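A.B. asks: The file below is start.pdb, PDB, C-alpha atoms:
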```pdb
ATOM      1  CA  MET A   1     -27.082 -16.342  -8.909
ATOM      2  CA  THR A   2     -24.980 -14.726 -11.598
ATOM      3  CA  ILE A   3     -21.273 -14.807 -11.100
ATOM      4  CA  ASN A   4     -19.549 -11.489 -11.551
ATOM      5  CA  LYS A   5     -15.908 -12.121 -12.466
ATOM      6  CA  ILE A   6     -13.266  -9.476 -11.933
ATOM      7  CA  PRO A   7      -9.841 -10.412 -13.312
ATOM      8  CA  ILE A   8      -6.988  -8.259 -12.047
ATOM      9  CA  VAL A   9      -3.425  -7.861 -13.314
ATOM     10  CA  GLN A  10      -0.157  -6.718 -11.775
ATOM     11  CA  GLY A  11      -0.437  -3.282 -10.196
ATOM     12  CA  ASP A  12      -4.187  -3.662  -9.849
ATOM     13  CA  PHE A  13      -6.650  -4.162  -7.015
ATOM     14  CA  ALA A  14     -10.392  -4.764  -6.659
ATOM     15  CA  VAL A  15     -12.853  -4.491  -3.772
ATOM     16  CA  SER A  16     -16.434  -5.777  -3.733
ATOM     17  CA  ASP A  17     -19.361  -6.472  -1.432
ATOM     18  CA  VAL A  18     -21.598  -7.871  -4.170
ATOM     19  CA  GLU A  19     -22.691 -11.506  -3.660
ATOM     20  CA  GLY A  20     -21.447 -13.872  -6.330
ATOM     21  CA  THR A  21     -18.353 -11.846  -7.221
ATOM     22  CA  VAL A  22     -15.106 -13.686  -7.917
ATOM     23  CA  ILE A  23     -11.825 -11.776  -8.175
ATOM     24  CA  SER A  24      -9.124 -13.708  -9.982
ATOM     25  CA  THR A  25      -5.495 -13.317 -10.943
ATOM     26  CA  VAL A  26      -2.474 -15.310 -12.085
ATOM     27  CA  LEU A  27       0.713 -15.025 -10.040
ATOM     28  CA  GLY A  28       4.341 -15.847 -10.635
ATOM     29  CA  SER A  29       6.812 -14.080  -8.355
ATOM     30  CA  CYS A  30       4.151 -11.436  -7.666
ATOM     31  CA  VAL A  31       2.132 -11.588  -4.459
ATOM     32  CA  ALA A  32      -1.618 -11.157  -4.036
ATOM     33  CA  ALA A  33      -3.222 -10.275  -0.719
ATOM     34  CA  CYS A  34      -6.844 -11.343  -0.247
ATOM     35  CA  ILE A  35      -8.407  -9.362   2.592
ATOM     36  CA  TYR A  36     -11.849  -9.951   4.068
ATOM     37  CA  ASP A  37     -14.095  -8.458   6.753
ATOM     38  CA  PRO A  38     -16.511 -11.193   7.941
ATOM     39  CA  LEU A  39     -18.963  -8.769   9.573
ATOM     40  CA  THR A  40     -19.618  -6.455   6.645
ATOM     41  CA  ARG A  41     -18.882  -9.252   4.127
ATOM     42  CA  VAL A  42     -16.654  -7.045   2.045
ATOM     43  CA  GLY A  43     -13.394  -8.257   0.573
ATOM     44  CA  GLY A  44     -10.731  -7.385  -1.917
ATOM     45  CA  MET A  45      -7.554  -8.513  -3.599
ATOM     46  CA  ASN A  46      -4.470  -6.810  -4.971
ATOM     47  CA  HIS A  47      -1.562  -8.022  -7.113
ATOM     48  CA  PHE A  48       1.845  -6.444  -6.722
ATOM     49  CA  LEU A  49       5.477  -6.850  -7.688
ATOM     50  CA  LEU A  50       8.285  -4.928  -6.047
ATOM     51  CA  PRO A  51      10.721  -3.660  -8.671
ATOM     52  CA  GLY A  52      14.087  -5.409  -8.439
ATOM     53  CA  ASN A  53      16.295  -2.404  -9.053
ATOM     54  CA  PRO A  54      17.201   0.131  -6.387
ATOM     55  CA  ASP A  55      16.351   3.753  -7.071
ATOM     56  CA  ARG A  56      18.652   5.950  -9.132
ATOM     57  CA  ASP A  57      19.900   7.662  -5.999
ATOM     58  CA  GLY A  58      21.012   4.303  -4.587
ATOM     59  CA  SER A  59      18.322   4.004  -1.928
ATOM     60  CA  ASP A  60      16.094   0.953  -2.063
ATOM     61  CA  GLN A  61      12.615   2.244  -1.499
ATOM     62  CA  SER A  62      11.114  -0.238  -3.929
ATOM     63  CA  ARG A  63       8.670  -1.488  -1.313
ATOM     64  CA  ARG A  64       6.680   1.715  -1.741
ATOM     65  CA  TYR A  65       4.951   0.047  -4.721
ATOM     66  CA  GLY A  66       3.746  -2.750  -2.476
ATOM     67  CA  VAL A  67       2.816  -0.308   0.277
ATOM     68  CA  TYR A  68       0.813   1.709  -2.244
ATOM     69  CA  LEU A  69      -1.204  -1.277  -3.461
ATOM     70  CA  MET A  70      -1.809  -2.572   0.059
ATOM     71  CA  GLU A  71      -2.953   0.883   1.100
ATOM     72  CA  MET A  72      -5.276   1.267  -1.896
ATOM     73  CA  LEU A  73      -6.840  -2.104  -1.094
ATOM     74  CA  LEU A  74      -7.245  -1.319   2.619
ATOM     75  CA  ASN A  75      -8.700   2.134   1.926
ATOM     76  CA  GLY A  76     -11.129   0.569  -0.567
ATOM     77  CA  LEU A  77     -12.264  -1.866   2.135
ATOM     78  CA  PHE A  78     -12.608   0.879   4.768
ATOM     79  CA  GLN A  79     -14.739   2.921   2.366
ATOM     80  CA  LYS A  80     -17.121  -0.023   2.128
ATOM     81  CA  GLY A  81     -17.435  -0.237   5.894
ATOM     82  CA  ALA A  82     -14.695  -2.726   6.811
ATOM     83  CA  ALA A  83     -12.895  -2.274  10.141
ATOM     84  CA  ARG A  84      -9.159  -2.801  10.507
ATOM     85  CA  SER A  85      -9.578  -4.946  13.644
ATOM     86  CA  ARG A  86     -11.769  -7.513  11.843
ATOM     87  CA  LEU A  87      -9.698  -7.925   8.686
ATOM     88  CA  GLN A  88      -8.471 -11.389   7.738
ATOM     89  CA  VAL A  89      -5.553 -11.606   5.329
ATOM     90  CA  LYS A  90      -4.514 -14.446   3.023
ATOM     91  CA  LEU A  91      -1.302 -14.204   1.026
ATOM     92  CA  PHE A  92      -0.461 -16.046  -2.173
ATOM     93  CA  GLY A  93       2.330 -16.099  -4.731
ATOM     94  CA  GLY A  94       5.985 -15.164  -4.464
ATOM     95  CA  ALA A  95       7.143 -18.157  -6.505
ATOM     96  CA  ARG A  96      10.737 -18.472  -7.645
ATOM     97  CA  VAL A  97       9.685 -18.632 -11.255
ATOM     98  CA  LEU A  98      12.761 -17.487 -13.115
ATOM     99  CA  ASP A  99      16.248 -18.836 -12.984
ATOM    100  CA  ALA A 100      17.324 -15.464 -11.696
ATOM    101  CA  ARG A 101      20.074 -14.580  -9.274
ATOM    102  CA  SER A 102      17.778 -12.445  -7.194
ATOM    103  CA  ASP A 103      14.735 -14.235  -5.825
ATOM    104  CA  ALA A 104      12.075 -11.601  -6.490
ATOM    105  CA  GLY A 105       9.392 -13.976  -5.195
ATOM    106  CA  ALA A 106      11.055 -14.211  -1.787
ATOM    107  CA  LYS A 107      11.425 -10.422  -1.644
ATOM    108  CA  ASN A 108       7.726  -9.939  -2.437
ATOM    109  CA  SER A 109       6.670 -12.580   0.116
ATOM    110  CA  GLU A 110       8.878 -11.082   2.810
ATOM    111  CA  PHE A 111       7.468  -7.645   2.155
ATOM    112  CA  ALA A 112       3.862  -8.867   2.327
ATOM    113  CA  LYS A 113       4.389 -10.718   5.613
ATOM    114  CA  ASN A 114       6.138  -7.714   7.162
ATOM    115  CA  PHE A 115       3.370  -5.408   6.005
ATOM    116  CA  VAL A 116       0.729  -7.577   7.695
ATOM    117  CA  ILE A 117       2.747  -7.658  10.934
ATOM    118  CA  ASN A 118       3.521  -3.917  10.907
ATOM    119  CA  GLU A 119      -0.095  -2.961  10.282
ATOM    120  CA  GLY A 120      -1.306  -5.329  13.007
ATOM    121  CA  LEU A 121      -3.494  -7.331  10.622
ATOM    122  CA  MET A 122      -4.519 -10.967  11.097
ATOM    123  CA  LEU A 123      -2.829 -13.410   8.705
ATOM    124  CA  VAL A 124      -5.158 -16.430   8.516
ATOM    125  CA  SER A 125      -3.419 -18.410   5.790
ATOM    126  CA  SER A 126      -0.671 -18.147   3.229
ATOM    127  CA  SER A 127       0.799 -20.076   0.345
ATOM    128  CA  LEU A 128       4.045 -18.407  -0.633
ATOM    129  CA  GLY A 129       7.180 -19.411  -2.517
ATOM    130  CA  GLY A 130       7.890 -22.650  -4.347
ATOM    131  CA  PRO A 131       8.714 -23.097  -8.013
ATOM    132  CA  GLN A 132       5.197 -22.883  -9.461
ATOM    133  CA  GLY A 133       2.902 -20.094 -10.532
ATOM    134  CA  ARG A 134      -0.609 -19.889  -9.115
ATOM    135  CA  ARG A 135      -4.064 -19.021 -10.308
ATOM    136  CA  ILE A 136      -6.078 -17.430  -7.466
ATOM    137  CA  GLU A 137      -9.831 -17.035  -7.206
ATOM    138  CA  PHE A 138     -11.215 -15.077  -4.289
ATOM    139  CA  GLU A 139     -14.831 -14.581  -3.250
ATOM    140  CA  PRO A 140     -14.916 -11.161  -1.585
ATOM    141  CA  CYS A 141     -18.285 -11.784   0.115
ATOM    142  CA  THR A 142     -17.323 -15.068   1.761
ATOM    143  CA  GLY A 143     -13.571 -14.690   2.134
ATOM    144  CA  LYS A 144     -13.005 -18.025   0.417
ATOM    145  CA  ALA A 145      -9.836 -18.247  -1.617
ATOM    146  CA  ARG A 146      -8.945 -21.013  -4.018
ATOM    147  CA  GLN A 147      -5.577 -21.564  -5.628
ATOM    148  CA  LYS A 148      -4.473 -23.758  -8.482
ATOM    149  CA  PHE A 149      -0.833 -24.353  -9.231
ATOM    150  CA  ILE A 150       0.030 -23.782 -12.852
ATOM    151  CA  GLY A 151       3.069 -25.548 -14.279
ATOM    152  CA  THR A 152       6.664 -25.194 -13.199
ATOM    153  CA  ALA A 153       8.249 -22.037 -14.461
ATOM    154  CA  VAL A 154      11.775 -23.456 -14.458
ATOM    155  CA  PRO A 155      11.715 -26.054 -17.219
ATOM    156  CA  GLU A 156      12.651 -29.408 -15.813
ATOM    157  CA  PRO A 157      13.335 -32.550 -17.805
ATOM    158  CA  GLU A 158      10.484 -34.455 -16.220
ATOM    159  CA  PRO A 159       8.179 -36.870 -18.015
ATOM    160  CA  LYS A 160       4.891 -35.227 -18.919
ATOM    161  CA  LYS A 161       2.929 -37.859 -17.056
ATOM    162  CA  ILE A 162       4.380 -36.808 -13.688
ATOM    163  CA  SER A 163       3.809 -33.104 -14.194
ATOM    164  CA  ARG A 164       0.179 -33.805 -15.071
ATOM    165  CA  GLU A 165      -0.211 -35.677 -11.821
ATOM    166  CA  LEU A 166       1.344 -32.770  -9.970
ATOM    167  CA  GLU A 167      -1.176 -30.426 -11.494
ATOM    168  CA  SER A 168      -4.084 -32.586 -10.503
ATOM    169  CA  VAL A 169      -3.096 -32.578  -6.828
ATOM    170  CA  GLY A 170      -2.321 -28.882  -6.959
ATOM    171  CA  ASP A 171      -5.916 -27.920  -6.312
ATOM    172  CA  VAL A 172      -6.171 -26.688  -2.754
ATOM    173  CA  ASP A 173      -8.993 -24.962  -0.974
ATOM    174  CA  PHE A 174      -8.238 -22.472   1.750
ATOM    175  CA  PHE A 175     -10.890 -21.603   4.255
TER     176      PHE A 175
ATOM    177  CA  MET B   1      23.914  25.557   9.332
ATOM    178  CA  SER B   2      21.737  24.303   6.488
ATOM    179  CA  VAL B   3      17.991  24.228   6.039
ATOM    180  CA  LEU B   4      18.091  20.504   6.816
ATOM    181  CA  ASP B   5      19.287  21.178  10.360
ATOM    182  CA  VAL B   6      16.340  23.342  11.311
ATOM    183  CA  LEU B   7      13.514  22.138   9.048
ATOM    184  CA  ARG B   8      10.709  20.470  10.989
ATOM    185  CA  ILE B   9       8.386  18.127   9.077
ATOM    186  CA  MET B  10       5.376  16.126  10.240
ATOM    187  CA  VAL B  11       4.277  12.990   8.364
ATOM    188  CA  VAL B  12       0.574  12.146   8.723
ATOM    189  CA  ASP B  13      -0.644   8.735   7.510
ATOM    190  CA  ASP B  14      -2.907   6.069   9.003
ATOM    191  CA  HIS B  15      -0.830   3.210   7.541
ATOM    192  CA  ILE B  16       2.355   2.538   9.496
ATOM    193  CA  SER B  17       4.085   1.146   6.399
ATOM    194  CA  SER B  18       3.309   4.255   4.354
ATOM    195  CA  ARG B  19       4.545   6.480   7.173
ATOM    196  CA  MET B  20       7.774   4.482   7.340
ATOM    197  CA  VAL B  21       8.355   4.824   3.579
ATOM    198  CA  THR B  22       7.909   8.607   3.756
ATOM    199  CA  VAL B  23       9.943   9.021   6.948
ATOM    200  CA  GLU B  24      12.813   6.961   5.517
ATOM    201  CA  ALA B  25      12.822   9.021   2.325
ATOM    202  CA  LEU B  26      13.033  12.183   4.466
ATOM    203  CA  GLN B  27      15.849  10.725   6.563
ATOM    204  CA  GLN B  28      17.773   9.862   3.393
ATOM    205  CA  MET B  29      17.398  13.486   2.302
ATOM    206  CA  GLY B  30      18.968  14.512   5.580
ATOM    207  CA  VAL B  31      15.901  15.967   7.314
ATOM    208  CA  LYS B  32      16.662  15.797  11.027
ATOM    209  CA  HIS B  33      13.433  16.796  12.747
ATOM    210  CA  ILE B  34      10.602  14.469  11.732
ATOM    211  CA  SER B  35       7.436  13.880  13.722
ATOM    212  CA  VAL B  36       4.567  11.541  12.853
ATOM    213  CA  ALA B  37       0.823  11.284  13.422
ATOM    214  CA  LYS B  38      -1.568   8.469  12.589
ATOM    215  CA  ASP B  39      -4.529  10.633  11.572
ATOM    216  CA  GLY B  40      -5.710  14.215  11.212
ATOM    217  CA  ARG B  41      -6.880  14.495  14.805
ATOM    218  CA  GLU B  42      -3.565  13.378  16.289
ATOM    219  CA  ALA B  43      -1.707  15.618  13.832
ATOM    220  CA  PHE B  44      -3.701  18.712  14.824
ATOM    221  CA  THR B  45      -3.204  18.057  18.550
ATOM    222  CA  LYS B  46       0.537  17.525  18.093
ATOM    223  CA  LEU B  47       0.888  20.589  15.850
ATOM    224  CA  ASN B  48      -0.762  22.766  18.473
ATOM    225  CA  ALA B  49       1.807  21.635  21.026
ATOM    226  CA  GLU B  50       4.746  21.669  18.620
ATOM    227  CA  PRO B  51       4.342  23.452  15.260
ATOM    228  CA  VAL B  52       6.309  22.363  12.185
ATOM    229  CA  HIS B  53       7.357  24.116   8.962
ATOM    230  CA  LEU B  54       5.769  21.522   6.729
ATOM    231  CA  ALA B  55       3.112  18.799   7.085
ATOM    232  CA  ILE B  56       3.087  15.929   4.587
ATOM    233  CA  SER B  57      -0.294  14.272   4.893
ATOM    234  CA  ASP B  58      -2.100  11.342   3.351
ATOM    235  CA  LEU B  59      -5.492  12.309   1.929
ATOM    236  CA  TYR B  60      -7.697   9.352   2.831
ATOM    237  CA  MET B  61      -7.645   8.662   6.574
ATOM    238  CA  PRO B  62     -10.341   7.615   9.031
ATOM    239  CA  ASP B  63     -11.969  10.278  11.241
ATOM    240  CA  ILE B  64     -10.224  13.496  10.178
ATOM    241  CA  ASP B  65      -8.842  13.210   6.627
ATOM    242  CA  GLY B  66      -6.161  15.233   4.848
ATOM    243  CA  PHE B  67      -8.585  17.881   3.552
ATOM    244  CA  GLN B  68     -10.159  18.407   6.973
ATOM    245  CA  LEU B  69      -6.723  18.669   8.559
ATOM    246  CA  LEU B  70      -5.653  21.222   5.939
ATOM    247  CA  ARG B  71      -8.835  23.260   6.526
ATOM    248  CA  ALA B  72      -8.284  23.213  10.294
ATOM    249  CA  ILE B  73      -4.662  24.303   9.912
ATOM    250  CA  ARG B  74      -5.457  27.167   7.504
ATOM    251  CA  ALA B  75      -8.187  28.422   9.849
ATOM    252  CA  HIS B  76      -5.870  28.371  12.874
ATOM    253  CA  PRO B  77      -4.369  31.766  13.827
ATOM    254  CA  LYS B  78      -0.913  30.402  14.670
ATOM    255  CA  LEU B  79      -0.620  27.325  12.407
ATOM    256  CA  GLY B  80      -2.227  28.997   9.364
ATOM    257  CA  LYS B  81       1.025  29.380   7.419
ATOM    258  CA  THR B  82       2.276  25.801   7.860
ATOM    259  CA  GLY B  83       3.375  24.315   4.521
ATOM    260  CA  PHE B  84       1.112  21.468   3.454
ATOM    261  CA  ILE B  85       1.719  18.673   0.963
ATOM    262  CA  ILE B  86      -0.993  16.105   0.259
ATOM    263  CA  LEU B  87      -0.168  12.510  -0.698
ATOM    264  CA  THR B  88      -2.849  10.667  -2.597
ATOM    265  CA  GLY B  89      -3.320   7.394  -4.413
ATOM    266  CA  ARG B  90      -5.679   9.104  -6.844
ATOM    267  CA  LYS B  91      -4.282  12.374  -8.108
ATOM    268  CA  ASP B  92      -7.215  13.349 -10.310
ATOM    269  CA  ALA B  93      -8.273  16.878 -11.258
ATOM    270  CA  THR B  94     -11.009  17.052  -8.585
ATOM    271  CA  VAL B  95      -8.592  16.164  -5.790
ATOM    272  CA  VAL B  96      -6.079  18.754  -6.978
ATOM    273  CA  GLN B  97      -8.768  21.460  -7.412
ATOM    274  CA  ASN B  98     -10.213  20.845  -3.961
ATOM    275  CA  ALA B  99      -6.750  20.808  -2.420
ATOM    276  CA  VAL B 100      -5.813  24.087  -4.116
ATOM    277  CA  LYS B 101      -9.075  25.694  -2.942
ATOM    278  CA  LEU B 102      -8.176  24.746   0.624
ATOM    279  CA  GLY B 103      -4.704  26.260   0.259
ATOM    280  CA  VAL B 104      -2.465  23.257  -0.327
ATOM    281  CA  ASN B 105       1.159  23.862  -1.338
ATOM    282  CA  ASN B 106       1.635  20.710  -3.374
ATOM    283  CA  VAL B 107      -0.024  17.389  -4.227
ATOM    284  CA  ILE B 108       1.984  14.177  -4.771
ATOM    285  CA  ALA B 109       0.633  10.979  -6.309
ATOM    286  CA  LYS B 110       1.519   7.695  -4.605
ATOM    287  CA  PRO B 111       3.672   5.761  -5.118
ATOM    288  CA  PHE B 112       6.264   8.523  -5.309
ATOM    289  CA  THR B 113      10.039   8.334  -5.673
ATOM    290  CA  PRO B 114      12.303  10.027  -3.106
ATOM    291  CA  ASP B 115      13.304  12.380  -5.945
ATOM    292  CA  VAL B 116       9.723  13.537  -6.513
ATOM    293  CA  LEU B 117       9.208  14.021  -2.775
ATOM    294  CA  LYS B 118      12.388  16.101  -2.521
ATOM    295  CA  LYS B 119      11.454  18.353  -5.468
ATOM    296  CA  SER B 120       7.998  18.816  -4.031
ATOM    297  CA  ILE B 121       9.375  19.796  -0.614
ATOM    298  CA  GLU B 122      11.865  22.185  -2.234
ATOM    299  CA  SER B 123       9.031  23.878  -4.112
ATOM    300  CA  VAL B 124       7.530  24.743  -0.724
ATOM    301  CA  VAL B 125      10.501  25.453   1.549
ATOM    302  CA  GLY B 126      13.319  26.207  -0.932
ATOM    303  CA  ARG B 127      16.536  24.318  -1.742
ATOM    304  CA  LEU B 128      17.449  21.734   0.864
ATOM    305  CA  ASN B 129      21.194  21.622   0.161
TER     306      ASN B 129
END
```
In structure tokens, how does this file's structure come out?
C.D. replies:
Amino acid sequence: MTINKIPIVQGDFAVSDVEGTVISTVLGSCVAACIYDPLTRVGGMNHFLLPGNPDRDGSDQSRRYGVYLMEMLLNGLFQKGAARSRLQVKLFGGARVLDARSDAGAKNSEFAKNFVINEGLMLVSSSLGGPQGRRIEFEPCTGKARQKFIGTAVPEPEPKKISRELESVGDVDFF
Amino acid sequence: MSVLDVLRIMVVDDHISSRMVTVEALQQMGVKHISVAKDGREAFTKLNAEPVHLAISDLYMPDIDGFQLLRAIRAHPKLGKTGFIILTGRKDATVVQNAVKLGVNNVIAKPFTPDVLKKSIESVVGRLN
């Protein structure tokens, strides 16, 4: 079976029902939602970041960017025959990767969790927050998601040996 | 009394979160009478019972989509002149052409800023304040 790889970047999403497809992305404070319908075996992933600054008029409607990407992903799934009631959601990312005053990762994670609750979707697993970035691989036809932690974004004066060990145990399978 | 006190707007979107974003933007503008519907069918039923000046509708929705809702409204003897703005994630030329053919008043690409929404509404109903 040939593996069809679809890498996505921030502001992007992909939906597929083709066997052997793997959608991948690399996340820092961004969040990716992996959504899967087990009956029609169609799945998809998005990758979003809510902008940190409020709008010019002072209102903070920044979550519309997240809403947009969630909606594009859900509509893409519906068009391929998925049903809202069967959808299983996995959330990844939202790391506190920069030494910033505002924790953008937490804001993105909070948004994603609220979205899932508001839309009445089923959250089956999540790996959010923490200091490390993540590489995510998602199989849209099986719903399997795999994450690998990648380095600590805040440089810490740790011996290299320890951080290598951390990386080797950072391989986690989510089913 | 300003336009904002009497203007009635309906927001039609199948995603609760999208509806909330639009409704909040309208509230921030000072629009007082806002109703919502979760798809074209519910919107048409509600509009029959209680007409509005302007409908702001998502394009892609299950069952009755934004285009079908627009067609039904334009063909209706009493609701025919309702203002209609379509929200879409993909504002390409085909979408705009089809919308114009059906008699849309404006098309907005998602994600939109409150500013863009306001200007678009004003192009249909006139200055809000």
A.B. asks: Expanded to explicit residues, what is the ChimeraX specification (/B :<9) & /A for this file, as a list in words?
C.D. replies: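 Evaluating the ChimeraX specification (/B :<9) & /A on these coordinates yields Asp55, Arg56, Asp57, Ser59, Gln61, Ser62, Arg63, Arg64, Tyr65, Gly66, Val67, Tyr68, Leu69, Glu71, Met72, Asn75, Phe78, Phe115, Asn118 and Glu119 of chain A.
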A.B. asks: For the residues in the current selection, export C-alpha atoms as an mmCIF file, in the coordinates of the input.
C.D. replies:
```cif
data_model
loop_
_atom_site.group_PDB
_atom_site.id
_atom_site.type_symbol
_atom_site.label_atom_id
_atom_site.label_comp_id
_atom_site.auth_asym_id
_atom_site.auth_seq_id
_atom_site.Cartn_x
_atom_site.Cartn_y
_atom_site.Cartn_z
ATOM 1 C CA ASP A 55 16.351 3.753 -7.071
ATOM 2 C CA ARG A 56 18.652 5.950 -9.132
ATOM 3 C CA ASP A 57 19.900 7.662 -5.999
ATOM 4 C CA SER A 59 18.322 4.004 -1.928
ATOM 5 C CA GLN A 61 12.615 2.244 -1.499
ATOM 6 C CA SER A 62 11.114 -0.238 -3.929
ATOM 7 C CA ARG A 63 8.670 -1.488 -1.313
ATOM 8 C CA ARG A 64 6.680 1.715 -1.741
ATOM 9 C CA TYR A 65 4.951 0.047 -4.721
ATOM 10 C CA GLY A 66 3.746 -2.750 -2.476
ATOM 11 C CA VAL A 67 2.816 -0.308 0.277
ATOM 12 C CA TYR A 68 0.813 1.709 -2.244
ATOM 13 C CA LEU A 69 -1.204 -1.277 -3.461
ATOM 14 C CA GLU A 71 -2.953 0.883 1.100
ATOM 15 C CA MET A 72 -5.276 1.267 -1.896
ATOM 16 C CA ASN A 75 -8.700 2.134 1.926
ATOM 17 C CA PHE A 78 -12.608 0.879 4.768
ATOM 18 C CA PHE A 115 3.370 -5.408 6.005
ATOM 19 C CA ASN A 118 3.521 -3.917 10.907
ATOM 20 C CA GLU A 119 -0.095 -2.961 10.282
#
```
A.B. asks: Using CA of Met122 in chain A and CA of Arg84 in chain A as the two end points, give the distance in Å to one decimal.
C.D. replies: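 Interatomic distance here is 9.4 Å.
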A.B. asks: Do you have the CA of Phe67 in chain B-CA of Ile85 in chain B distance handy?
C.D. replies: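 Taking CA of Phe67 in chain B and CA of Ile85 in chain B, their separation equals 10.7 Å.
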A.B. asks: I'd like to see the residues matched by the PyMOL selection byres ((chain B and resi 124) around 12) on this file, and ideally I'd get them as a list in words.
C.D. replies: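 Checked against the file, the PyMOL selection byres ((chain B and resi 124) around 12) matches Leu7, Ile9, His53, Leu54, Ala55, Ile56, Lys81, Thr82, Gly83, Phe84, Ile85, Val104, Asn105, Asn106, Val107, Leu117, Lys118, Lys119, Ser120, Ile121, Glu122, Ser123, Val125, Gly126, Arg127 and Leu128 of chain B.
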A.B. asks: Kindly export the residues of the current selection with C-alpha atoms, as a PDB file, in the frame of the given file.
C.D. replies:
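Output file again05.pdb follows:
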```
ATOM      1  CA  LEU B   7      13.514  22.138   9.048  1.00  0.00           C
ATOM      2  CA  ILE B   9       8.386  18.127   9.077  1.00  0.00           C
ATOM      3  CA  HIS B  53       7.357  24.116   8.962  1.00  0.00           C
ATOM      4  CA  LEU B  54       5.769  21.522   6.729  1.00  0.00           C
ATOM      5  CA  ALA B  55       3.112  18.799   7.085  1.00  0.00           C
ATOM      6  CA  ILE B  56       3.087  15.929   4.587  1.00  0.00           C
ATOM      7  CA  LYS B  81       1.025  29.380   7.419  1.00  0.00           C
ATOM      8  CA  THR B  82       2.276  25.801   7.860  1.00  0.00           C
ATOM      9  CA  GLY B  83       3.375  24.315   4.521  1.00  0.00           C
ATOM     10  CA  PHE B  84       1.112  21.468   3.454  1.00  0.00           C
ATOM     11  CA  ILE B  85       1.719  18.673   0.963  1.00  0.00           C
ATOM     12  CA  VAL B 104      -2.465  23.257  -0.327  1.00  0.00           C
ATOM     13  CA  ASN B 105       1.159  23.862  -1.338  1.00  0.00           C
ATOM     14  CA  ASN B 106       1.635  20.710  -3.374  1.00  0.00           C
ATOM     15  CA  VAL B 107      -0.024  17.389  -4.227  1.00  0.00           C
ATOM     16  CA  LEU B 117       9.208  14.021  -2.775  1.00  0.00           C
ATOM     17  CA  LYS B 118      12.388  16.101  -2.521  1.00  0.00           C
ATOM     18  CA  LYS B 119      11.454  18.353  -5.468  1.00  0.00           C
ATOM     19  CA  SER B 120       7.998  18.816  -4.031  1.00  0.00           C
ATOM     20  CA  ILE B 121       9.375  19.796  -0.614  1.00  0.00           C
ATOM     21  CA  GLU B 122      11.865  22.185  -2.234  1.00  0.00           C
ATOM     22  CA  SER B 123       9.031  23.878  -4.112  1.00  0.00           C
ATOM     23  CA  VAL B 125      10.501  25.453   1.549  1.00  0.00           C
ATOM     24  CA  GLY B 126      13.319  26.207  -0.932  1.00  0.00           C
ATOM     25  CA  ARG B 127      16.536  24.318  -1.742  1.00  0.00           C
ATOM     26  CA  LEU B 128      17.449  21.734   0.864  1.00  0.00           C
TER      27      LEU B 128
END
```
A.B. asks: Work out how far CA of Lys90 in chain A is from CA of Lys148 in chain A, in Å to one decimal.
C.D. replies: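 Taking CA of Lys148 in chain A and CA of Lys90 in chain A, their separation equals 14.8 Å.
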